[in-house]
file work_17.cif (mmCIF, C-alpha atoms)
data_input
#
loop_
_atom_site.label_atom_id
_atom_site.label_comp_id
_atom_site.auth_asym_id
_atom_site.auth_seq_id
_atom_site.Cartn_x
_atom_site.Cartn_y
_atom_site.Cartn_z
CA MET A 488 0.00 0.00 0.00
CA SER A 489 1.52 3.34 -0.99
CA PRO A 490 1.21 6.34 1.34
CA ARG A 491 -1.71 8.66 0.63
CA GLU A 492 -0.66 11.37 -1.85
CA THR A 493 -0.64 14.91 -0.51
CA THR A 494 0.75 18.26 -1.57
CA PRO A 495 3.62 20.04 0.28
CA GLN A 496 1.14 22.72 1.41
CA VAL A 497 -1.14 20.09 2.94
CA ASP A 498 1.83 18.45 4.70
CA PHE A 499 2.83 21.78 6.21
CA PHE A 500 -0.54 23.24 7.20
CA ARG A 501 -2.13 19.99 8.42
CA GLY A 502 -0.24 20.08 11.74
CA ILE A 503 -0.95 23.75 12.33
CA TRP A 504 -4.73 23.56 12.37
CA GLN A 505 -6.56 20.61 10.78
CA GLU A 506 -4.58 18.08 12.83
CA ASN A 507 -3.19 20.35 15.53
CA PRO A 508 -1.49 17.93 17.97
CA VAL A 509 -2.90 19.48 21.16
CA LEU A 510 -6.20 21.11 20.19
CA ILE A 511 -7.46 18.52 17.68
CA GLN A 512 -5.55 15.27 18.23
CA MET A 513 -5.28 15.78 22.02
CA LEU A 514 -1.66 14.57 22.01
CA GLY A 515 1.21 15.96 24.10
CA LEU A 516 -1.18 17.12 26.82
CA CYS A 517 1.31 16.48 29.63
CA PRO A 518 3.60 19.48 28.81
CA ALA A 519 0.59 21.49 27.59
CA LEU A 520 -0.95 21.26 31.06
CA ALA A 521 2.19 21.21 33.20
CA VAL A 522 4.51 23.95 31.94
CA THR A 523 2.17 26.55 30.45
CA ASN A 524 1.84 28.62 33.62
CA THR A 525 3.73 31.43 31.82
CA VAL A 526 4.15 32.24 28.12
CA GLU A 527 7.94 32.16 28.47
CA ASN A 528 7.93 28.61 29.87
CA ALA A 529 5.41 27.49 27.23
CA LEU A 530 7.49 29.02 24.44
CA TRP A 531 10.79 27.43 25.53
CA MET A 532 9.12 24.06 25.99
CA ALA A 533 7.56 24.35 22.53
CA LEU A 534 10.91 25.34 21.00
CA ALA A 535 12.62 22.34 22.62
CA THR A 536 9.88 20.04 21.27
CA PHE A 537 10.11 21.71 17.84
CA PHE A 538 13.87 21.10 17.76
CA VAL A 539 13.48 17.43 18.73
CA LEU A 540 10.60 16.88 16.29
CA THR A 541 12.31 18.41 13.24
CA GLY A 542 15.71 16.87 14.07
CA SER A 543 14.21 13.40 14.57
CA SER A 544 12.07 13.62 11.42
CA LEU A 545 15.10 14.67 9.39
CA MET A 546 17.21 11.77 10.70
CA VAL A 547 14.46 9.15 10.44
CA SER A 548 13.62 10.19 6.88
CA LEU A 549 17.32 10.24 5.96
CA LEU A 550 18.02 6.81 7.43
CA LYS A 551 14.71 5.10 6.59
CA LYS A 552 16.27 2.88 3.93
CA ILE A 553 19.01 1.53 6.18
CA ILE A 554 16.91 1.07 9.34
CA PRO A 555 15.67 -2.55 9.39
CA GLY A 556 11.91 -2.68 10.00
CA GLU A 557 12.41 -5.08 12.92
CA VAL A 558 14.29 -2.49 15.00
CA ARG A 559 12.66 0.68 13.71
CA ILE A 560 10.96 1.59 17.01
CA PRO A 561 14.16 1.24 19.12
CA MET A 562 15.96 3.28 16.46
CA PHE A 563 13.30 6.02 16.54
CA ILE A 564 13.51 6.10 20.34
CA LEU A 565 17.31 6.29 20.20
CA ILE A 566 17.22 9.16 17.71
CA ILE A 567 14.55 11.04 19.70
CA ALA A 568 16.36 10.45 23.01
CA THR A 569 19.60 11.82 21.54
CA PHE A 570 17.91 15.01 20.38
CA VAL A 571 16.14 15.37 23.74
CA THR A 572 19.43 15.01 25.65
CA VAL A 573 21.04 17.63 23.40
CA ALA A 574 18.05 19.97 23.90
CA ASP A 575 18.16 19.40 27.67
CA MET A 576 21.86 20.33 27.93
CA CYS A 577 21.52 23.32 25.59
CA LEU A 578 18.55 24.72 27.54
CA GLU A 579 20.45 24.37 30.84
CA ALA A 580 23.41 26.24 29.34
CA ILE A 581 21.47 28.93 27.46
CA VAL A 582 18.45 29.69 29.69
CA PRO A 583 19.22 28.21 33.15
CA ALA A 584 16.38 30.08 34.89
CA VAL A 585 13.76 28.72 32.46
CA TYR A 586 15.37 25.27 32.59
CA LYS A 587 14.80 25.23 36.37
CA GLN A 588 11.11 26.04 35.83
CA LEU A 589 10.63 23.34 33.19
CA GLY A 590 12.13 20.70 35.49
CA ALA A 591 11.72 17.10 34.35
CA PHE A 592 9.42 17.99 31.47
CA VAL A 593 12.29 18.63 29.05
CA ALA A 594 13.58 15.08 29.58
CA LEU A 595 10.01 13.80 29.22
CA ILE A 596 9.85 15.06 25.61
CA VAL A 597 11.33 11.65 24.80
CA VAL A 598 7.96 10.04 25.57
CA ASN A 599 5.91 12.74 23.85
CA CYS A 600 3.62 10.79 21.54
CA ILE A 601 3.47 13.64 18.99
CA ILE A 602 7.10 12.99 18.07
CA LEU A 603 7.03 9.20 17.89
CA SER A 604 3.73 9.27 15.97
CA ARG A 605 5.15 11.60 13.29
CA GLN A 606 8.19 9.32 12.84
CA GLU A 607 6.12 6.15 12.55
CA ALA A 608 3.25 7.60 10.52
CA PHE A 609 5.12 10.01 8.27
CA ALA A 610 8.91 10.45 8.36
CA SER A 611 9.69 6.74 8.00
CA LYS A 612 7.71 6.58 4.73
CA ARG A 613 8.20 9.96 3.05
CA PRO A 614 11.09 11.90 1.43
CA ILE A 615 13.21 14.26 3.54
CA GLY A 616 11.62 17.50 2.29
CA ARG A 617 8.07 16.35 2.99
CA SER A 618 9.05 14.97 6.39
CA LEU A 619 10.62 18.30 7.32
CA LEU A 620 7.53 20.20 6.19
CA ASP A 621 5.32 17.90 8.25
CA ALA A 622 7.57 18.25 11.32
CA VAL A 623 7.78 22.04 11.03
CA GLY A 624 3.99 22.31 10.60
CA THR A 625 3.32 20.06 13.59
CA GLY A 626 5.94 21.94 15.64
CA VAL A 627 4.36 25.29 14.78
CA GLY A 628 0.91 23.90 15.66
CA PHE A 629 2.22 22.68 19.02
CA THR A 630 3.88 26.07 19.67
CA ILE A 631 0.64 27.93 18.87
CA ALA A 632 -1.34 25.70 21.26
CA MET A 633 1.26 26.10 24.03
CA VAL A 634 1.28 29.91 23.67
CA MET A 635 -2.55 29.99 23.64
CA MET A 636 -2.55 28.06 26.92
CA GLY A 637 0.30 30.06 28.47
CA SER A 638 -1.09 33.49 27.62
CA VAL A 639 -4.49 32.87 29.26
CA ARG A 640 -2.92 31.28 32.34
CA GLU A 641 -0.28 33.99 32.81
CA VAL A 642 -2.68 36.91 32.32
CA LEU A 643 -5.34 35.53 34.66
CA GLY A 644 -2.98 33.86 37.15
CA GLN A 645 -0.32 36.58 37.46
CA GLY A 646 -1.73 39.65 35.72
CA THR A 647 1.27 39.70 33.36
CA LEU A 648 2.06 38.73 29.76
CA MET A 649 5.68 37.82 28.95
CA ASN A 650 6.49 39.28 32.41
CA TYR A 651 4.94 42.69 31.55
CA LYS A 652 2.05 43.84 33.72
CA VAL A 653 -1.10 43.97 31.58
CA ILE A 654 -3.81 44.09 34.25
CA PRO A 655 -4.19 47.06 36.63
CA GLY A 656 -2.72 46.74 40.12
CA ASN A 657 -6.11 46.47 41.87
CA PHE A 658 -6.81 43.14 40.10
CA GLU A 659 -6.14 40.23 42.43
CA PRO A 660 -4.68 37.45 40.20
CA TRP A 661 -6.59 34.16 40.14
CA VAL A 662 -3.83 31.92 41.46
CA ILE A 663 -5.73 28.80 40.41
CA PHE A 664 -4.79 29.51 36.78
CA ILE A 665 -1.09 28.96 37.42
CA LEU A 666 -1.81 25.83 39.47
CA PRO A 667 -2.55 22.43 37.82
CA PRO A 668 -6.38 22.88 37.84
CA GLY A 669 -5.87 26.08 35.85
CA GLY A 670 -4.25 24.03 33.08
CA PHE A 671 -7.34 21.82 32.76
CA LEU A 672 -9.71 24.81 32.94
CA THR A 673 -7.78 26.70 30.26
CA LEU A 674 -7.59 23.68 27.95
CA GLY A 675 -11.31 23.08 28.42
CA PHE A 676 -12.04 26.72 27.65
CA TRP A 677 -10.01 26.69 24.42
CA LEU A 678 -11.52 23.38 23.26
CA LEU A 679 -15.02 24.66 23.95
CA LEU A 680 -14.38 27.89 22.06
CA LEU A 681 -12.70 26.23 19.07
CA ASN A 682 -15.35 23.49 18.77
CA TRP A 683 -18.14 26.06 18.99
CA TRP A 684 -16.45 28.08 16.23
CA GLU A 685 -15.99 24.98 14.03
CA GLU A 686 -19.64 23.96 14.52
CA ARG A 687 -20.80 27.48 13.69
CA LYS A 688 -18.71 27.42 10.51
CA LYS A 689 -20.23 24.06 9.50
CA GLU A 690 -23.78 25.31 10.17
CA ARG A 691 -23.22 28.40 8.04
CA ALA A 692 -21.78 26.28 5.22
CA LYS A 693 -24.87 24.04 5.36
CA VAL A 694 -27.17 27.05 5.14
CA ARG A 695 -25.24 28.43 2.15
CA GLU A 696 -25.50 25.08 0.31
CA TRP A 697 -29.27 24.70 0.95
CA PRO A 698 -31.45 24.86 -2.23
CA GLU A 699 -33.13 28.21 -2.81
CA GLY A 700 -36.73 28.49 -1.64
CA VAL A 701 -36.48 25.62 0.84
CA GLY A 702 -36.25 26.41 4.56
CA ALA A 703 -32.73 25.80 5.85
CA PRO A 704 -32.25 23.62 8.96
CA GLY A 705 -32.76 25.67 12.09
CA GLU A 706 -34.40 28.55 10.15
CA ARG A 707 -37.38 30.04 11.99
CA ARG A 708 -40.63 29.85 10.01
CA VAL A 709 -42.85 32.92 10.33
CA ALA A 710 -46.58 32.28 9.97
CA MET B 561 8.84 -7.26 15.51
CA THR B 562 7.18 -6.89 12.13
CA ALA B 563 7.73 -4.30 9.44
CA PRO B 564 5.59 -1.13 9.62
CA PRO B 565 2.18 -1.33 7.95
CA GLY B 566 2.35 0.21 4.50
CA ALA B 567 6.11 -0.31 4.17
CA PRO B 568 7.34 -2.25 1.15
CA GLN B 569 8.03 -5.92 1.89
CA ARG B 570 11.72 -6.46 2.53
CA ALA B 571 13.72 -9.57 3.19
CA GLU B 572 14.11 -10.27 6.90
CA ALA B 573 17.37 -8.72 8.17
CA SER B 574 19.96 -10.98 9.80
CA ILE B 575 20.50 -10.68 13.53
CA TRP B 576 24.01 -9.32 12.90
CA LYS B 577 22.62 -6.53 10.78
CA LEU B 578 20.17 -5.58 13.54
CA VAL B 579 22.92 -5.58 16.18
CA LEU B 580 25.28 -3.64 13.94
CA THR B 581 22.66 -1.00 13.06
CA LEU B 582 21.70 -0.41 16.69
CA SER B 583 25.35 -0.39 17.84
CA ALA B 584 26.38 2.10 15.18
CA ALA B 585 23.43 4.36 15.98
CA GLY B 586 24.22 4.12 19.70
CA ALA B 587 27.86 5.04 19.08
CA VAL B 588 26.94 8.08 16.94
CA ALA B 589 24.36 9.19 19.54
CA GLY B 590 26.93 8.77 22.33
CA PHE B 591 29.52 10.80 20.42
CA LEU B 592 27.04 13.63 19.81
CA ILE B 593 25.93 13.70 23.48
CA VAL B 594 29.54 13.76 24.75
CA PHE B 595 30.34 16.60 22.35
CA VAL B 596 27.38 18.71 23.56
CA TYR B 597 28.15 17.80 27.21
CA ALA B 598 31.75 19.01 26.82
CA TRP B 599 30.46 22.28 25.34
CA SER B 600 27.66 22.92 27.84
CA GLN B 601 29.20 21.87 31.17
CA PRO B 602 31.72 24.75 31.53
CA ILE B 603 28.92 27.25 30.78
CA ILE B 604 26.60 25.60 33.33
CA GLN B 605 29.30 25.46 36.02
CA THR B 606 30.28 29.11 35.43
CA TYR B 607 26.64 30.17 35.76
CA LYS B 608 26.19 28.19 39.00
CA ALA B 609 29.40 29.63 40.49
CA GLU B 610 28.30 33.17 39.58
CA GLN B 611 24.84 32.62 41.09
CA LEU B 612 26.45 31.36 44.31
CA ARG B 613 28.87 34.31 44.41
CA LEU B 614 25.98 36.78 44.03
CA ALA B 615 23.98 34.96 46.73
CA VAL B 616 26.93 35.07 49.18
CA GLN B 617 27.32 38.80 48.48
CA GLU B 618 23.60 39.31 49.11
CA VAL B 619 23.26 37.40 52.39
CA LEU B 620 26.51 38.78 53.84
CA LYS B 621 25.47 42.34 52.90
CA GLY B 622 28.23 43.01 50.40
CA PRO B 623 31.46 41.85 52.05
CA ASP B 624 34.77 43.23 50.80
CA ARG B 625 35.98 39.64 50.33
CA TYR B 626 35.14 36.16 51.54
CA ASP B 627 36.99 32.90 52.21
CA THR B 628 35.71 29.51 51.18
CA LEU B 629 35.89 27.05 54.09
CA TYR B 630 35.54 23.29 53.71
CA VAL B 631 33.90 20.91 56.18
CA TYR B 632 36.68 18.32 56.40
CA GLU B 633 36.81 15.63 59.09
CA GLU B 634 34.34 17.48 61.35
CA THR B 635 36.30 20.75 61.25
CA LEU B 636 36.28 23.88 59.12
CA VAL B 637 39.47 24.31 57.13
CA LYS B 638 40.54 26.97 54.68
CA GLU B 639 43.22 24.88 53.01
CA LEU B 640 42.81 21.21 52.27
CA PRO B 641 45.52 18.55 52.51
CA GLU B 642 47.12 17.70 49.20
CA GLY B 643 45.09 15.28 47.09
CA VAL B 644 41.71 16.18 48.61
CA ASP B 645 39.20 17.58 46.10
CA GLY B 646 37.33 20.55 47.56
CA ALA B 647 34.52 20.33 45.02
CA SER B 648 33.21 17.15 46.65
CA LEU B 649 33.19 18.65 50.16
CA GLU B 650 30.57 20.85 51.82
CA GLN B 651 31.57 24.50 51.62
CA ILE B 652 30.65 27.52 53.72
CA PHE B 653 31.80 31.08 53.27
CA LEU B 654 33.26 33.59 55.73
CA GLY B 655 32.92 37.26 54.78
CA TYR B 656 35.17 40.15 55.86
CA THR B 657 34.91 43.93 55.87
CA GLU B 658 37.49 46.10 54.17
CA SER B 659 39.39 46.39 57.49
CA GLY B 660 39.51 42.58 57.83
CA GLU B 661 36.80 42.17 60.48
CA ARG B 662 34.59 39.13 60.21
CA ILE B 663 31.02 39.85 59.05
CA GLY B 664 29.62 36.35 59.32
CA PHE B 665 29.26 32.95 57.71
CA ALA B 666 27.16 32.16 54.63
CA ILE B 667 25.75 28.63 54.70
CA ALA B 668 23.94 26.91 51.82
CA TYR B 669 21.85 23.81 52.40
CA GLY B 670 18.73 22.03 51.14
CA GLU B 671 15.98 19.90 52.68
CA PRO B 672 12.74 18.42 51.31
CA GLY B 673 9.93 20.97 51.04
CA PHE B 674 6.30 20.61 49.92
CA GLN B 675 7.15 19.66 46.31
CA ASP B 676 10.88 19.03 46.12
CA ILE B 677 14.18 19.98 47.77
CA VAL B 678 14.24 23.61 48.93
CA ARG B 679 17.81 24.91 48.84
CA ILE B 680 18.62 28.17 50.61
CA ILE B 681 21.64 30.22 51.64
CA PHE B 682 21.71 32.36 54.78
CA GLY B 683 24.18 34.73 56.40
CA TYR B 684 24.85 34.25 60.10
CA ASP B 685 26.87 36.28 62.60
CA ARG B 686 27.99 33.71 65.15
CA ALA B 687 29.08 36.35 67.70
CA SER B 688 25.66 38.03 67.98
CA GLN B 689 23.67 34.87 67.02
CA ALA B 690 21.81 37.04 64.48
CA LEU B 691 20.96 36.20 60.90
CA LEU B 692 22.18 38.62 58.24
CA GLY B 693 19.83 37.55 55.46
CA MET B 694 18.31 34.62 53.59
CA LYS B 695 17.92 33.80 49.90
CA VAL B 696 16.27 30.81 48.24
CA LEU B 697 18.67 29.23 45.73
CA ASP B 698 16.45 26.47 44.40
CA SER B 699 12.79 25.63 44.98
CA LYS B 700 9.89 24.09 43.11
CA GLU B 701 7.27 25.07 45.69
CA THR B 702 3.68 25.72 44.56
CA PRO B 703 3.45 28.82 42.34
CA GLY B 704 1.49 31.57 44.04
CA LEU B 705 1.70 29.94 47.48
CA GLY B 706 4.90 28.12 48.47
CA ASP B 707 7.04 30.17 46.12
CA LYS B 708 6.35 33.18 48.35
CA ILE B 709 9.33 31.98 50.44
CA GLU B 710 11.46 33.57 47.72
CA LYS B 711 9.11 36.14 46.14
CA ASP B 712 7.38 37.67 49.18
CA THR B 713 9.76 40.38 50.36
CA SER B 714 7.92 40.80 53.68
CA PHE B 715 8.76 37.16 54.49
CA VAL B 716 12.34 37.27 53.17
CA ASN B 717 13.19 40.56 54.92
CA GLN B 718 12.31 39.10 58.32
CA PHE B 719 15.53 37.06 58.26
CA ASP B 720 17.60 40.23 58.40
CA GLY B 721 18.55 40.58 62.10
CA VAL B 722 16.38 37.83 63.60
CA LEU B 723 18.09 35.86 66.41
CA SER B 724 18.69 32.11 66.33
CA PRO B 725 17.14 29.70 67.07
CA LEU B 726 14.23 30.80 64.88
CA VAL B 727 10.63 30.23 65.90
CA GLY B 728 7.91 30.19 63.24
CA VAL B 729 4.62 31.84 64.28
CA LYS B 730 1.31 32.08 62.49
CA PRO B 731 0.54 35.45 60.87
CA ARG B 732 -0.68 38.11 63.34
CA LYS B 733 0.31 35.90 66.30
CA ALA B 734 3.74 37.46 66.75
CA THR B 735 4.61 38.63 70.27
CA GLY B 736 7.61 40.75 69.33
CA ASP B 737 10.16 38.12 70.37
CA PRO B 738 13.42 38.65 68.37
CA HIS B 739 13.45 34.92 67.47
CA GLU B 740 10.07 34.99 65.71
CA ILE B 741 9.39 34.63 61.99
CA ASP B 742 5.87 35.21 60.64
CA MET B 743 5.00 32.22 58.46
CA ILE B 744 3.13 32.62 55.15
CA THR B 745 -0.60 31.96 55.09
CA GLY B 746 -1.26 28.94 52.85
CA ALA B 747 2.41 28.01 52.72
CA THR B 748 3.10 26.85 56.27
CA ILE B 749 5.07 23.77 55.16
CA SER B 750 7.37 25.80 52.88
CA SER B 751 7.89 28.46 55.60
CA ARG B 752 8.68 25.78 58.17
CA VAL B 753 11.23 24.17 55.85
CA VAL B 754 13.21 27.41 55.61
CA ILE B 755 13.17 27.83 59.40
CA ARG B 756 14.09 24.17 59.94
CA ILE B 757 17.05 24.32 57.54
CA ILE B 758 18.46 27.39 59.31
CA ASN B 759 18.01 25.98 62.84
CA ASN B 760 19.45 22.58 61.89
CA GLN B 761 22.49 24.03 60.16
CA ILE B 762 23.27 26.44 62.99
CA GLU B 763 23.05 23.56 65.45
CA ARG B 764 25.24 21.31 63.28
CA LEU B 765 27.84 23.85 62.15
CA GLY B 766 27.83 26.17 65.20
CA PRO B 767 30.57 24.30 67.13
CA LEU B 768 32.68 24.09 63.96
CA MET B 769 32.34 27.85 63.42
CA ASP B 770 33.32 28.54 67.05
CA ALA B 771 36.37 26.29 66.75
CA TYR B 772 37.44 27.93 63.49
CA VAL B 773 37.07 31.46 64.90
CA GLN B 774 39.02 30.50 68.05
CA GLN B 775 41.78 28.98 65.96
CA ALA B 776 41.92 32.01 63.65
CA ASN B 777 42.03 34.40 66.63
CA ALA B 778 44.85 32.40 68.23
CA ALA B 779 46.82 32.41 64.98
CA GLN B 780 46.28 36.16 64.61
CA LEU B 781 47.49 36.73 68.20
CA ALA B 782 50.56 34.57 67.65
CA ARG B 783 51.38 36.54 64.50
CA ALA B 784 51.01 39.85 66.37
CA GLU B 785 53.26 38.67 69.22
CA SER B 786 55.96 37.40 66.89
CA MET B 787 56.20 40.77 65.17
CA PRO B 788 59.06 42.99 66.45
#

call {"tool": "encode", "arguments": {"input": "work_17.cif", "output": "structure tokens"}}
result
Amino acid sequence: MSPRETTPQVDFFRGIWQENPVLIQMLGLCPALAVTNTVENALWMALATFFVLTGSSLMVSLLKKIIPGEVRIPMFILIIATFVTVADMCLEAIVPAVYKQLGAFVALIVVNCIILSRQEAFASKRPIGRSLLDAVGTGVGFTIAMVMMGSVREVLGQGTLMNYKVIPGNFEPWVIFILPPGGFLTLGFWLLLLNWWEERKKERAKVREWPEGVGAPGERRVA
Amino acid sequence: MTAPPGAPQRAEASIWKLVLTLSAAGAVAGFLIVFVYAWSQPIIQTYKAEQLRLAVQEVLKGPDRYDTLYVYEETLVKELPEGVDGASLEQIFLGYTESGERIGFAIAYGEPGFQDIVRIIFGYDRASQALLGMKVLDSKETPGLGDKIEKDTSFVNQFDGVLSPLVGVKPRKATGDPHEIDMITGATISSRVVIRIINNQIERLGPLMDAYVQQANAAQLARAESMP
């Protein structure tokens, strides 16, 4: 069976919205809930994941012909773990304060199912260019979701955005938003909003396609 | 293990090929990790040393200079016997004024807090039994609650001048005793950890500090007497 044919544009944009790893596929929720208490933490975590994802996809796609199918999963894990270790050491050297905040979650990128799923489902079967496009698109989609989570939690939980005060001093921050329950609440809020928007779009499309002169579904009939 | 679904059928690889592929990949991965480790470690160590230097300056209120003392065989020593690596020993710091008077000791230590190890450094004047200051070096306490042990200046500033041993009291229950520290509402465990670390370390290292000061005073006196 040959892989489903797609265009480069589809490979790139699919991960950003249509198959966004966090907001649509509900993958990689552990870092999305745990380290998005500020935008800065969310951004660095997303960048580390982006680096591991693109690096691993590049290597897996490059080596796909010489990796025996029998040991492909151990090889993928080895490649991913190497990139994660490199990312871990680089973060500690470059941004030690952020590294302290991220704690064990940088090392846990190795078990992030977004990365392994892209290697198994895409990079191990497609050419290098397409695999890179897919990885970059998925990485951008993950970064967008992380920043969406982080911005709501930081503004409501600390009254700041990227460490700049954005809410007047008399506002008492809602500490719950930077605690673990705040992660679940924020994710729930975004999913609710995005699903409502998607449904609304579908309803409008249905109404537009309805034959002229016939009452559209949900249209109020006036006697 | 079978080939991935959708992959073209290939002849089954020999066991030697599997071992060789994994070994080669492991060797390349190991080489890359060692290379990055060699690059990053000096940067990480320099940053940690600088952070510690700044913390010592802060809790000793800007000393002119400070000595690094090592806890070696239950005593404080400034110079270690040949062959002993100081990096593996516990270190404390003794600060001096410009005129050479001792300001106090800076002691860094960590104990389990609410979430993880809380590591602090505090300045301590052994002569007056008073603390000079406290700074949290490392903590993963609950954001918004436990992390107030480092972010809430009204809590941190209390350690400037308080007498040992410290006694933690609930907010608005203070009696004015110079040993009292007002704990943080909603972060009692984290507040207690800071107080416990300080009390334990003063109890453990106090006799060593006394012995070191006595020895240093005696050496200073002997030097003064031997001068013409």

call {"tool": "residues_around", "arguments": {"input": "work_17.cif", "residues": "region 545-561 of chain A", "least_positions_apart": "5", "cutoff": "12 Å", "atoms": "all atoms listed in the file", "output": "JSON, numbers by chain"}}
result
{"A": [538, 539, 540, 566, 567, 568, 569, 570, 602, 603, 604, 605, 606, 607, 608, 609, 610, 611, 612, 613, 614, 615, 616, 617, 618, 619, 620, 621, 622, 623], "B": [561, 562, 563, 564, 565, 566, 567, 568, 569, 570, 571, 572, 573, 574, 575, 576, 577, 578, 579, 580, 581, 582, 583, 584, 585, 586, 589]}

call {"tool": "residues_around", "arguments": {"input": "work_17.cif", "residues": "Trp677 (chain A)", "least_positions_apart": "2", "cutoff": "12 Å", "atoms": "all atoms listed in the file", "output": "ChimeraX atom specification"}}
result
/A:509-511,632-640,670-675,679-684

call {"tool": "closest_residue", "arguments": {"input": "work_17.cif", "among": "A:Glu506, A:Asp498, A:Glu527, A:Glu641", "to": "chain B", "atoms": "all atoms listed in the file"}}
result
A:Glu641

call {"tool": "resolve_selection", "arguments": {"input": "work_17.cif", "expression": "the PyMOL selection byres ((chain A and resi 665) around 6)", "output": "mmCIF file with C-alpha atoms, keeping the file's coordinate frame"}}
result
data_model
loop_
_atom_site.group_PDB
_atom_site.id
_atom_site.type_symbol
_atom_site.label_atom_id
_atom_site.label_comp_id
_atom_site.auth_asym_id
_atom_site.auth_seq_id
_atom_site.Cartn_x
_atom_site.Cartn_y
_atom_site.Cartn_z
ATOM 1 C CA ASN A 524 1.840 28.620 33.620
ATOM 2 C CA ARG A 640 -2.920 31.280 32.340
ATOM 3 C CA GLY A 644 -2.980 33.860 37.150
ATOM 4 C CA VAL A 662 -3.830 31.920 41.460
ATOM 5 C CA ILE A 663 -5.730 28.800 40.410
ATOM 6 C CA PHE A 664 -4.790 29.510 36.780
ATOM 7 C CA LEU A 666 -1.810 25.830 39.470
ATOM 8 C CA GLY A 669 -5.870 26.080 35.850
#

call {"tool": "atom_distance", "arguments": {"input": "work_17.cif", "atom1": "CA of Lys711 (chain B)", "atom2": "CA of Lys695 (chain B)"}}
result
9.9 Å

call {"tool": "residues_around", "arguments": {"input": "work_17.cif", "residues": "Phe537 (chain A)", "least_positions_apart": "2", "cutoff": "9 Å", "atoms": "all atoms listed in the file", "output": "ChimeraX atom specification"}}
result
/A:532-535,539-542,622-623,625-627,629-630

call {"tool": "atom_distance", "arguments": {"input": "work_17.cif", "atom1": "CA of Gly721 (chain B)", "atom2": "CA of Glu671 (chain B)"}}
result
22.9 Å

call {"tool": "closest_residue", "arguments": {"input": "work_17.cif", "among": "A:Gly590, A:Pro655, A:Gly646, A:Gly624", "to": "chain B", "atoms": "only C-alpha atoms"}}
result
A:Gly590

call {"tool": "closest_residue", "arguments": {"input": "work_17.cif", "among": "A:Pro667, A:Val497, A:Pro518, A:Ile596", "to": "chain B", "atoms": "all atoms listed in the file"}}
result
A:Pro667

call {"tool": "atom_distance", "arguments": {"input": "work_17.cif", "atom1": "CA of Ser750 (chain B)", "atom2": "CA of Pro672 (chain B)"}}
result
9.3 Å

call {"tool": "resolve_selection", "arguments": {"input": "work_17.cif", "expression": "the PyMOL selection byres ((chain B and resi 625) around 8)", "output": "ChimeraX atom specification"}}
result
/B:623-624,626-627,655-658

call {"tool": "write_last_selection", "arguments": {"input": "work_17.cif", "atoms": "C-alpha atoms", "output": "PDB file, in the coordinates of the input"}}
result
ATOM      1  CA  PRO B 623      31.460  41.850  52.050  1.00  0.00           C
ATOM      2  CA  ASP B 624      34.770  43.230  50.800  1.00  0.00           C
ATOM      3  CA  TYR B 626      35.140  36.160  51.540  1.00  0.00           C
ATOM      4  CA  ASP B 627      36.990  32.900  52.210  1.00  0.00           C
ATOM      5  CA  GLY B 655      32.920  37.260  54.780  1.00  0.00           C
ATOM      6  CA  TYR B 656      35.170  40.150  55.860  1.00  0.00           C
ATOM      7  CA  THR B 657      34.910  43.930  55.870  1.00  0.00           C
ATOM      8  CA  GLU B 658      37.490  46.100  54.170  1.00  0.00           C
TER       9      GLU B 658
END

call {"tool": "closest_residue", "arguments": {"input": "work_17.cif", "among": "A:Val585, A:Val593, A:Val642, A:Cys577", "to": "chain B", "atoms": "all atoms listed in the file"}}
result
A:Cys577

call {"tool": "resolve_selection", "arguments": {"input": "work_17.cif", "expression": "the PyMOL selection byres ((chain B and resi 743) around 12)", "output": "MDAnalysis selection string"}}
result
chainID B and resid 705:706 708:709 712 714:716 718:719 726:734 740:742 744:755
